[in-house]
Amino acid sequence: MIVAVASGKGGTGKTTVATSLALALGSRSQILDCDVEEPNCHILLKPEITDSYPVNLPVPSVDKEKCSLCGKCGEVCQFSAIVLIGQTVLTFPELCHGCGACSILCPERAIQEVPRRLGVIEMGFVKDVEFVQGRIRIGEAMSPPLIREVKTRINRDKVAILDAPPGASCPVITTVKNSDFVIMVTEPTPFGLNDLEIAVEAIEDLGIPMGVVINRCDIGDSDSKDYCARKGLPLLMEIPNHRKIAEGYARGVPLVESMPEYVDKFRNMSDYILNNKH
Amino acid sequence: MKIAVTSTGKTLESAIDPRFGRAPYILIIESEDGELLEAIDNAANSGAFRGAGIQAAKAVADRKVGVLLTGHCGPNAFSALEAAGVKVGTEQKGTALDAIERFKKNEIVFAAKPNAEAHW
Ligand code: SF4
Ligand code: SF4
């Protein structure tokens, strides 16, 4: 089973929920941090990294000697990452998605693929929980291929928990796609609700069942709950704004360790998801 | 020499659109006599998700334009124009006619680098 943990904005407690769910399930779970721009599950989990490898994207490099300036490469590229302009073929590696179309189509075989470093994948363990994270190279803007690489590490025999990037954009969709269930984490404030609505609408189109966790449930209003009821979104858990949780978080202690009574709550949530997944 | 001006409309009297890649029209003008040779419909391009500036640069370069007069130009479009030998005059205001007038009076300062951020 694959469960993605998402949120409309950062700082709602998404990572708290993802890491606590993983720890509560122990050896039955695997956690994969797909927030490759800012992976922070490791801060709470302190995994032992046992393996890592670089992830590259093949981008075109044009041999000017062989190029006949036919322009076919630029016509096929949807991203304007290669273009015939004047008497030169220009490439914009940072726009390239590595699809390979240009090099396949080049009649002169003038295009070679050279690697552009996207980031690294790191793997290891947190006690008996399998841990995987992607970490993007500083200055790199294209995260979806790296996220897809993280997802190739999904262990189908476990409950794979994906910590998604915050927001509702392409990297989020890349993460949650093909999940069996999405947990949306939100805060009961007007801003929280607005971001929740945007994220729910983006994920709705994928047809994946969703449920909501309201974090710091006692700080705001009841509008988020009303929204969930209206939308038919199950309320999976409410986590109060407890001093012990906040203090634990500040010291890098996961919720289920600062408040062990939450272990059962997370296990129950997992059972509910298992019965209501895709 | 041919001059390109980014424009909100199809005529020389239309206001300049400061955005290069996302301007609705790009006017191609003969600087000798000020004749409007073509109004490139840039709409498909201006709605493009990515690389609008690069495609606009290609459209301009394909027409053997020597000078582009616009408002802002991002780094990718700028390097594409540079590769094609198109000089870029930025910070242009008013109408295409005004810009051509400034060009004739040698009042255009050509940019040595892009003056806008990349659009992701
Ligand atoms: S590999 Fe694909 S995205 Fe990259 S330049 Fe070639 S056609 Fe464009
Ligand atoms: S397709 Fe090949 S030969 Fe044609 S312009 Fe591109 S690199 Fe040159």
# chains A, B, ... in the order shown; residues from 1 in each chain; ligands from 1

call {"tool": "residues_around", "arguments": {"residues": "Val83 (chain A)", "least_positions_apart": "2", "cutoff": "6 Å", "atoms": "only C-alpha atoms", "output": "list in words"}}
result
Gly74, Val89 and Leu90 of chain A

call {"tool": "write_last_selection", "arguments": {"atoms": "N, CA, C and O atoms", "output": "PDB file, in the first residue's frame"}}
result
ATOM      1  N   GLY A  74      14.757  21.327 -32.549  1.00  0.00           N
ATOM      2  CA  GLY A  74      13.978  22.382 -31.905  1.00  0.00           C
ATOM      3  C   GLY A  74      12.485  22.222 -32.123  1.00  0.00           C
ATOM      4  O   GLY A  74      11.686  22.581 -31.256  1.00  0.00           O
ATOM      5  N   VAL A  89      22.728  25.944 -33.149  1.00  0.00           N
ATOM      6  CA  VAL A  89      21.749  25.241 -32.325  1.00  0.00           C
ATOM      7  C   VAL A  89      22.120  25.535 -30.877  1.00  0.00           C
ATOM      8  O   VAL A  89      23.222  25.234 -30.441  1.00  0.00           O
ATOM      9  N   LEU A  90      21.187  26.168 -30.170  1.00  0.00           N
ATOM     10  CA  LEU A  90      21.435  26.496 -28.767  1.00  0.00           C
ATOM     11  C   LEU A  90      20.739  25.482 -27.879  1.00  0.00           C
ATOM     12  O   LEU A  90      19.640  25.034 -28.193  1.00  0.00           O
TER      13      LEU A  90
END

call {"tool": "residues_around", "arguments": {"residues": "Asn215 (chain A)", "least_positions_apart": "6", "cutoff": "10 Å", "atoms": "only C-alpha atoms", "output": "number ranges by chain"}}
result
A: 12-14, 16-17, 185-188, 237-241

call {"tool": "closest_residue", "arguments": {"among": "A:Arg230, A:Arg135, A:His97, A:His242", "to": "chain B", "atoms": "only C-alpha atoms"}}
result
A:His97

call {"tool": "closest_atom_pairs", "arguments": {"of": "chain A", "to": "ligand 2", "cutoff": "9 Å", "atoms": "only C-alpha atoms and all ligand atoms", "output": "JSON lines"}}
result
{"residue": "A:Pro60", "atom": "CA", "partner": "ligand 2", "partner_atom_place_in_ligand_line": "7 (S)", "distance": 9.0}
{"residue": "A:Ser61", "atom": "CA", "partner": "ligand 2", "partner_atom_place_in_ligand_line": "7 (S)", "distance": 8.5}
{"residue": "A:Val62", "atom": "CA", "partner": "ligand 2", "partner_atom_place_in_ligand_line": "7 (S)", "distance": 5.6}
{"residue": "A:Asp63", "atom": "CA", "partner": "ligand 2", "partner_atom_place_in_ligand_line": "7 (S)", "distance": 7.2}
{"residue": "A:Lys64", "atom": "CA", "partner": "ligand 2", "partner_atom_place_in_ligand_line": "8 (Fe)", "distance": 7.5}
{"residue": "A:Lys66", "atom": "CA", "partner": "ligand 2", "partner_atom_place_in_ligand_line": "3 (S)", "distance": 6.8}
{"residue": "A:Cys67", "atom": "CA", "partner": "ligand 2", "partner_atom_place_in_ligand_line": "8 (Fe)", "distance": 3.7}
{"residue": "A:Ser68", "atom": "CA", "partner": "ligand 2", "partner_atom_place_in_ligand_line": "3 (S)", "distance": 4.4}
{"residue": "A:Leu69", "atom": "CA", "partner": "ligand 2", "partner_atom_place_in_ligand_line": "5 (S)", "distance": 3.8}
{"residue": "A:Cys70", "atom": "CA", "partner": "ligand 2", "partner_atom_place_in_ligand_line": "4 (Fe)", "distance": 3.9}
{"residue": "A:Gly71", "atom": "CA", "partner": "ligand 2", "partner_atom_place_in_ligand_line": "5 (S)", "distance": 3.8}
{"residue": "A:Lys72", "atom": "CA", "partner": "ligand 2", "partner_atom_place_in_ligand_line": "1 (S)", "distance": 4.3}
{"residue": "A:Cys73", "atom": "CA", "partner": "ligand 2", "partner_atom_place_in_ligand_line": "1 (S)", "distance": 4.1}
{"residue": "A:Gly74", "atom": "CA", "partner": "ligand 2", "partner_atom_place_in_ligand_line": "6 (Fe)", "distance": 6.6}
{"residue": "A:Glu75", "atom": "CA", "partner": "ligand 2", "partner_atom_place_in_ligand_line": "1 (S)", "distance": 8.7}
{"residue": "A:Ile82", "atom": "CA", "partner": "ligand 2", "partner_atom_place_in_ligand_line": "6 (Fe)", "distance": 8.0}
{"residue": "A:Val83", "atom": "CA", "partner": "ligand 2", "partner_atom_place_in_ligand_line": "6 (Fe)", "distance": 7.7}
{"residue": "A:Leu84", "atom": "CA", "partner": "ligand 2", "partner_atom_place_in_ligand_line": "5 (S)", "distance": 6.0}
{"residue": "A:Thr88", "atom": "CA", "partner": "ligand 2", "partner_atom_place_in_ligand_line": "5 (S)", "distance": 8.0}
{"residue": "A:Val89", "atom": "CA", "partner": "ligand 2", "partner_atom_place_in_ligand_line": "5 (S)", "distance": 6.1}
{"residue": "A:Cys102", "atom": "CA", "partner": "ligand 2", "partner_atom_place_in_ligand_line": "1 (S)", "distance": 6.6}
{"residue": "A:Ser103", "atom": "CA", "partner": "ligand 2", "partner_atom_place_in_ligand_line": "2 (Fe)", "distance": 7.3}
{"residue": "A:Ile104", "atom": "CA", "partner": "ligand 2", "partner_atom_place_in_ligand_line": "1 (S)", "distance": 8.8}
{"residue": "A:Leu105", "atom": "CA", "partner": "ligand 2", "partner_atom_place_in_ligand_line": "1 (S)", "distance": 6.3}
{"residue": "A:Cys106", "atom": "CA", "partner": "ligand 2", "partner_atom_place_in_ligand_line": "1 (S)", "distance": 3.7}
{"residue": "A:Pro107", "atom": "CA", "partner": "ligand 2", "partner_atom_place_in_ligand_line": "2 (Fe)", "distance": 5.8}
{"residue": "A:Glu108", "atom": "CA", "partner": "ligand 2", "partner_atom_place_in_ligand_line": "3 (S)", "distance": 5.0}
{"residue": "A:Arg109", "atom": "CA", "partner": "ligand 2", "partner_atom_place_in_ligand_line": "2 (Fe)", "distance": 6.2}
{"residue": "A:Ala110", "atom": "CA", "partner": "ligand 2", "partner_atom_place_in_ligand_line": "2 (Fe)", "distance": 5.1}
{"residue": "A:Ile111", "atom": "CA", "partner": "ligand 2", "partner_atom_place_in_ligand_line": "7 (S)", "distance": 5.5}

call {"tool": "write_last_selection", "arguments": {"atoms": "N, CA, C and O atoms", "output": "compact mmCIF listing (two decimals), in the first residue's frame"}}
result
# COMPACT_ATOMS: atom_id res chain seq x y z
N PRO A 60 20.96 17.19 -24.08
CA PRO A 60 21.66 17.14 -25.36
C PRO A 60 22.91 18.01 -25.42
O PRO A 60 22.98 19.05 -24.78
N SER A 61 23.87 17.52 -26.19
CA SER A 61 25.05 18.30 -26.51
C SER A 61 25.26 18.13 -28.01
O SER A 61 25.27 17.01 -28.51
N VAL A 62 25.36 19.25 -28.73
CA VAL A 62 25.36 19.20 -30.19
C VAL A 62 26.78 19.27 -30.74
O VAL A 62 27.57 20.14 -30.36
N ASP A 63 27.09 18.35 -31.63
CA ASP A 63 28.37 18.36 -32.34
C ASP A 63 28.22 19.27 -33.56
O ASP A 63 27.57 18.92 -34.55
N LYS A 64 28.83 20.46 -33.48
CA LYS A 64 28.65 21.47 -34.53
C LYS A 64 29.16 20.99 -35.90
O LYS A 64 28.65 21.41 -36.94
N LYS A 66 28.92 18.02 -37.16
CA LYS A 66 27.97 17.12 -37.82
C LYS A 66 26.64 17.79 -38.12
O LYS A 66 25.91 17.37 -39.02
N CYS A 67 26.28 18.83 -37.37
CA CYS A 67 24.96 19.45 -37.48
C CYS A 67 24.76 20.13 -38.83
O CYS A 67 25.62 20.88 -39.29
N SER A 68 23.61 19.84 -39.47
CA SER A 68 23.32 20.45 -40.77
C SER A 68 22.36 21.62 -40.65
O SER A 68 21.85 22.12 -41.65
N LEU A 69 22.07 22.04 -39.43
CA LEU A 69 21.17 23.17 -39.16
C LEU A 69 19.77 22.95 -39.73
O LEU A 69 19.13 23.87 -40.21
N CYS A 70 19.28 21.70 -39.64
CA CYS A 70 17.95 21.41 -40.18
C CYS A 70 16.83 21.88 -39.25
O CYS A 70 15.71 22.09 -39.69
N GLY A 71 17.12 22.01 -37.96
CA GLY A 71 16.13 22.55 -37.02
C GLY A 71 15.14 21.54 -36.46
O GLY A 71 14.28 21.89 -35.66
N LYS A 72 15.27 20.27 -36.84
CA LYS A 72 14.30 19.26 -36.38
C LYS A 72 14.29 19.12 -34.86
O LYS A 72 13.24 18.90 -34.25
N CYS A 73 15.47 19.22 -34.25
CA CYS A 73 15.57 19.06 -32.80
C CYS A 73 14.69 20.08 -32.08
O CYS A 73 13.94 19.74 -31.16
N GLY A 74 14.76 21.33 -32.55
CA GLY A 74 13.98 22.38 -31.91
C GLY A 74 12.49 22.22 -32.12
O GLY A 74 11.69 22.58 -31.26
N GLU A 75 12.11 21.66 -33.29
CA GLU A 75 10.68 21.48 -33.56
C GLU A 75 10.08 20.43 -32.64
O GLU A 75 8.92 20.53 -32.24
N ILE A 82 16.09 23.14 -26.69
CA ILE A 82 17.04 23.12 -27.80
C ILE A 82 16.37 23.87 -28.94
O ILE A 82 15.16 23.73 -29.16
N VAL A 83 17.12 24.74 -29.60
CA VAL A 83 16.50 25.56 -30.64
C VAL A 83 17.54 25.96 -31.68
O VAL A 83 18.69 26.26 -31.34
N LEU A 84 17.12 25.90 -32.94
CA LEU A 84 17.99 26.41 -34.02
C LEU A 84 17.69 27.89 -34.14
O LEU A 84 16.56 28.29 -34.42
N THR A 88 23.16 28.71 -35.42
CA THR A 88 23.59 27.84 -34.32
C THR A 88 22.41 27.10 -33.70
O THR A 88 21.29 27.59 -33.73
N VAL A 89 22.73 25.94 -33.15
CA VAL A 89 21.75 25.24 -32.32
C VAL A 89 22.12 25.54 -30.88
O VAL A 89 23.22 25.23 -30.44
N CYS A 102 15.03 14.70 -29.11
CA CYS A 102 15.87 15.44 -30.06
C CYS A 102 17.00 14.56 -30.60
O CYS A 102 17.26 14.55 -31.80
N SER A 103 17.65 13.80 -29.73
CA SER A 103 18.78 13.00 -30.21
C SER A 103 18.29 11.85 -31.09
O SER A 103 18.96 11.46 -32.05
N ILE A 104 17.10 11.31 -30.79
CA ILE A 104 16.55 10.24 -31.64
C ILE A 104 16.23 10.79 -33.03
O ILE A 104 16.48 10.16 -34.05
N LEU A 105 15.68 12.01 -33.06
CA LEU A 105 15.21 12.57 -34.33
C LEU A 105 16.29 13.19 -35.20
O LEU A 105 16.09 13.38 -36.40
N CYS A 106 17.41 13.52 -34.62
CA CYS A 106 18.44 14.23 -35.39
C CYS A 106 18.92 13.37 -36.55
O CYS A 106 19.48 12.28 -36.35
N PRO A 107 18.71 13.83 -37.80
CA PRO A 107 19.08 13.00 -38.96
C PRO A 107 20.60 12.84 -39.10
O PRO A 107 21.05 11.88 -39.73
N GLU A 108 21.36 13.76 -38.53
CA GLU A 108 22.82 13.70 -38.68
C GLU A 108 23.50 13.00 -37.50
O GLU A 108 24.73 12.94 -37.45
N ARG A 109 22.72 12.52 -36.54
CA ARG A 109 23.27 11.93 -35.32
C ARG A 109 24.29 12.89 -34.69
O ARG A 109 25.37 12.48 -34.26
N ALA A 110 23.92 14.15 -34.67
CA ALA A 110 24.84 15.16 -34.16
C ALA A 110 24.64 15.42 -32.67
O ALA A 110 25.38 16.18 -32.05
N ILE A 111 23.60 14.81 -32.10
CA ILE A 111 23.29 15.09 -30.69
C ILE A 111 23.70 13.93 -29.80
O ILE A 111 23.28 12.80 -29.99

call {"tool": "residues_near_ligand", "arguments": {"ligand": "ligand 1", "cutoff": "6 Å", "atoms": "only C-alpha atoms and all ligand atoms", "output": "PyMOL selection string"}}
result
chain A and resi 59-60+76-77+79+81-82+96-102

call {"tool": "interface_residues", "arguments": {"of": "chain A", "to": "chain B", "cutoff": "7 Å", "atoms": "only C-alpha atoms", "output": "ChimeraX atom specification"}}
result
/A:79-80,85-86

call {"tool": "write_last_selection", "arguments": {"atoms": "N, CA and C atoms", "output": "PDB file, in the first residue's frame"}}
result
ATOM      1  N   PHE A  79       9.862  21.983 -24.770  1.00  0.00           N
ATOM      2  CA  PHE A  79      10.271  22.832 -23.656  1.00  0.00           C
ATOM      3  C   PHE A  79      11.234  23.945 -24.082  1.00  0.00           C
ATOM      4  N   SER A  80      11.441  24.071 -25.397  1.00  0.00           N
ATOM      5  CA  SER A  80      12.385  25.070 -25.905  1.00  0.00           C
ATOM      6  C   SER A  80      13.769  24.901 -25.302  1.00  0.00           C
ATOM      7  N   ILE A  85      18.707  28.693 -33.929  1.00  0.00           N
ATOM      8  CA  ILE A  85      18.505  30.131 -34.041  1.00  0.00           C
ATOM      9  C   ILE A  85      19.678  30.706 -34.818  1.00  0.00           C
ATOM     10  N   GLY A  86      19.370  31.445 -35.874  1.00  0.00           N
ATOM     11  CA  GLY A  86      20.442  31.930 -36.743  1.00  0.00           C
ATOM     12  C   GLY A  86      21.212  30.753 -37.304  1.00  0.00           C
TER      13      GLY A  86
END

call {"tool": "select_by_dssp", "arguments": {"residues": "region 70-112 of chain B", "states": "helix (DSSP H, G or I)", "output": "PyMOL selection string"}}
result
chain B and resi 75-83+96-104

call {"tool": "write_last_selection", "arguments": {"atoms": "C-alpha atoms", "output": "PDB file, in the first residue's frame"}}
result
ATOM      1  CA  PRO B  75      18.259  35.573 -19.681  1.00  0.00           C
ATOM      2  CA  ASN B  76      17.279  32.673 -21.972  1.00  0.00           C
ATOM      3  CA  ALA B  77      15.726  34.900 -24.622  1.00  0.00           C
ATOM      4  CA  PHE B  78      18.672  37.241 -24.344  1.00  0.00           C
ATOM      5  CA  SER B  79      21.261  34.543 -25.009  1.00  0.00           C
ATOM      6  CA  ALA B  80      19.170  33.239 -27.913  1.00  0.00           C
ATOM      7  CA  LEU B  81      19.004  36.733 -29.433  1.00  0.00           C
ATOM      8  CA  GLU B  82      22.686  37.268 -28.808  1.00  0.00           C
ATOM      9  CA  ALA B  83      23.522  33.994 -30.600  1.00  0.00           C
ATOM     10  CA  ALA B  96       6.221  51.335 -32.114  1.00  0.00           C
ATOM     11  CA  LEU B  97       6.414  54.622 -34.034  1.00  0.00           C
ATOM     12  CA  ASP B  98       8.010  56.325 -31.038  1.00  0.00           C
ATOM     13  CA  ALA B  99      10.544  53.496 -30.694  1.00  0.00           C
ATOM     14  CA  ILE B 100      11.475  53.647 -34.390  1.00  0.00           C
ATOM     15  CA  GLU B 101      11.891  57.396 -34.073  1.00  0.00           C
ATOM     16  CA  ARG B 102      14.263  56.932 -31.125  1.00  0.00           C
ATOM     17  CA  PHE B 103      16.173  54.329 -33.114  1.00  0.00           C
ATOM     18  CA  LYS B 104      16.612  56.707 -36.065  1.00  0.00           C
TER      19      LYS B 104
END

call {"tool": "decode", "arguments": {"residues": "region 4-32 of chain B", "atoms": "N, CA, C and O atoms", "output": "short mmCIF file (atom, residue, chain, number, x, y, z; two decimals), in the first residue's frame"}}
result
data_model
loop_
_atom_site.label_atom_id
_atom_site.label_comp_id
_atom_site.auth_asym_id
_atom_site.auth_seq_id
_atom_site.Cartn_x
_atom_site.Cartn_y
_atom_site.Cartn_z
N ALA B 4 12.39 44.71 -34.86
CA ALA B 4 11.22 44.08 -34.24
C ALA B 4 10.82 44.88 -33.01
O ALA B 4 11.68 45.32 -32.24
N VAL B 5 9.50 45.10 -32.85
CA VAL B 5 9.00 45.81 -31.67
C VAL B 5 7.87 44.98 -31.06
O VAL B 5 6.96 44.56 -31.76
N THR B 6 7.94 44.75 -29.74
CA THR B 6 6.87 44.00 -29.08
C THR B 6 5.68 44.93 -28.87
O THR B 6 5.85 46.06 -28.42
N SER B 7 4.48 44.44 -29.20
CA SER B 7 3.35 45.35 -29.24
C SER B 7 2.08 44.72 -28.68
O SER B 7 1.89 43.51 -28.70
N THR B 8 1.19 45.62 -28.20
CA THR B 8 -0.11 45.15 -27.71
C THR B 8 -1.08 44.96 -28.87
O THR B 8 -2.10 44.31 -28.73
N GLY B 9 -0.79 45.57 -30.05
CA GLY B 9 -1.69 45.48 -31.20
C GLY B 9 -0.94 45.27 -32.49
O GLY B 9 0.27 45.06 -32.51
N LYS B 10 -1.71 45.33 -33.60
CA LYS B 10 -1.14 44.97 -34.90
C LYS B 10 -0.62 46.16 -35.70
O LYS B 10 -0.17 46.00 -36.83
N THR B 11 -0.75 47.36 -35.15
CA THR B 11 -0.36 48.53 -35.93
C THR B 11 0.80 49.28 -35.29
O THR B 11 1.11 49.07 -34.11
N LEU B 12 1.38 50.17 -36.07
CA LEU B 12 2.51 50.97 -35.57
C LEU B 12 2.08 51.92 -34.47
O LEU B 12 2.90 52.40 -33.69
N GLU B 13 0.75 52.20 -34.42
CA GLU B 13 0.24 53.13 -33.40
C GLU B 13 -0.09 52.42 -32.09
O GLU B 13 -0.41 53.07 -31.10
N SER B 14 -0.06 51.08 -32.09
CA SER B 14 -0.39 50.35 -30.86
C SER B 14 0.71 50.56 -29.82
O SER B 14 1.87 50.80 -30.16
N ALA B 15 0.30 50.44 -28.57
CA ALA B 15 1.27 50.64 -27.48
C ALA B 15 2.25 49.47 -27.43
O ALA B 15 1.89 48.32 -27.73
N ILE B 16 3.48 49.77 -27.06
CA ILE B 16 4.50 48.74 -26.88
C ILE B 16 4.12 47.85 -25.71
O ILE B 16 3.66 48.35 -24.68
N ASP B 17 4.26 46.54 -25.88
CA ASP B 17 4.10 45.64 -24.74
C ASP B 17 5.49 45.40 -24.17
O ASP B 17 6.39 44.98 -24.89
N PRO B 18 5.68 45.68 -22.89
CA PRO B 18 7.04 45.57 -22.32
C PRO B 18 7.57 44.13 -22.25
O PRO B 18 8.77 43.93 -22.14
N ARG B 19 6.68 43.14 -22.31
CA ARG B 19 7.14 41.75 -22.17
C ARG B 19 7.55 41.22 -23.53
O ARG B 19 6.82 41.36 -24.50
N PHE B 20 8.69 40.59 -23.60
CA PHE B 20 9.14 40.08 -24.89
C PHE B 20 8.43 38.77 -25.25
O PHE B 20 7.63 38.72 -26.19
N GLY B 21 8.64 37.73 -24.48
CA GLY B 21 8.06 36.43 -24.82
C GLY B 21 6.55 36.42 -24.79
O GLY B 21 5.92 35.68 -25.52
N ARG B 22 5.94 37.26 -23.96
CA ARG B 22 4.51 37.18 -23.76
C ARG B 22 3.71 38.35 -24.34
O ARG B 22 2.55 38.54 -24.02
N ALA B 23 4.33 39.11 -25.22
CA ALA B 23 3.59 40.17 -25.90
C ALA B 23 2.63 39.55 -26.92
O ALA B 23 2.98 38.56 -27.55
N PRO B 24 1.42 40.13 -27.10
CA PRO B 24 0.48 39.56 -28.08
C PRO B 24 1.02 39.60 -29.52
O PRO B 24 0.78 38.68 -30.29
N TYR B 25 1.70 40.67 -29.88
CA TYR B 25 2.21 40.81 -31.25
C TYR B 25 3.68 41.24 -31.25
O TYR B 25 4.13 41.93 -30.34
N ILE B 26 4.37 40.81 -32.28
CA ILE B 26 5.72 41.33 -32.52
C ILE B 26 5.70 41.95 -33.92
O ILE B 26 5.41 41.26 -34.91
N LEU B 27 5.92 43.25 -33.99
CA LEU B 27 5.88 43.96 -35.27
C LEU B 27 7.26 43.93 -35.91
O LEU B 27 8.27 44.17 -35.25
N ILE B 28 7.29 43.62 -37.20
CA ILE B 28 8.55 43.64 -37.95
C ILE B 28 8.49 44.85 -38.88
O ILE B 28 7.57 44.99 -39.70
N ILE B 29 9.46 45.74 -38.72
CA ILE B 29 9.42 47.04 -39.41
C ILE B 29 10.74 47.26 -40.17
O ILE B 29 11.81 46.92 -39.67
N GLU B 30 10.64 47.79 -41.37
CA GLU B 30 11.83 48.17 -42.14
C GLU B 30 12.27 49.55 -41.68
O GLU B 30 11.50 50.52 -41.76
N SER B 31 13.48 49.65 -41.17
CA SER B 31 13.89 50.92 -40.56
C SER B 31 14.09 52.02 -41.60
O SER B 31 13.89 53.20 -41.32
N GLU B 32 14.47 51.66 -42.83
CA GLU B 32 14.71 52.66 -43.89
C GLU B 32 13.51 53.58 -44.08
O GLU B 32 13.62 54.80 -43.97
#
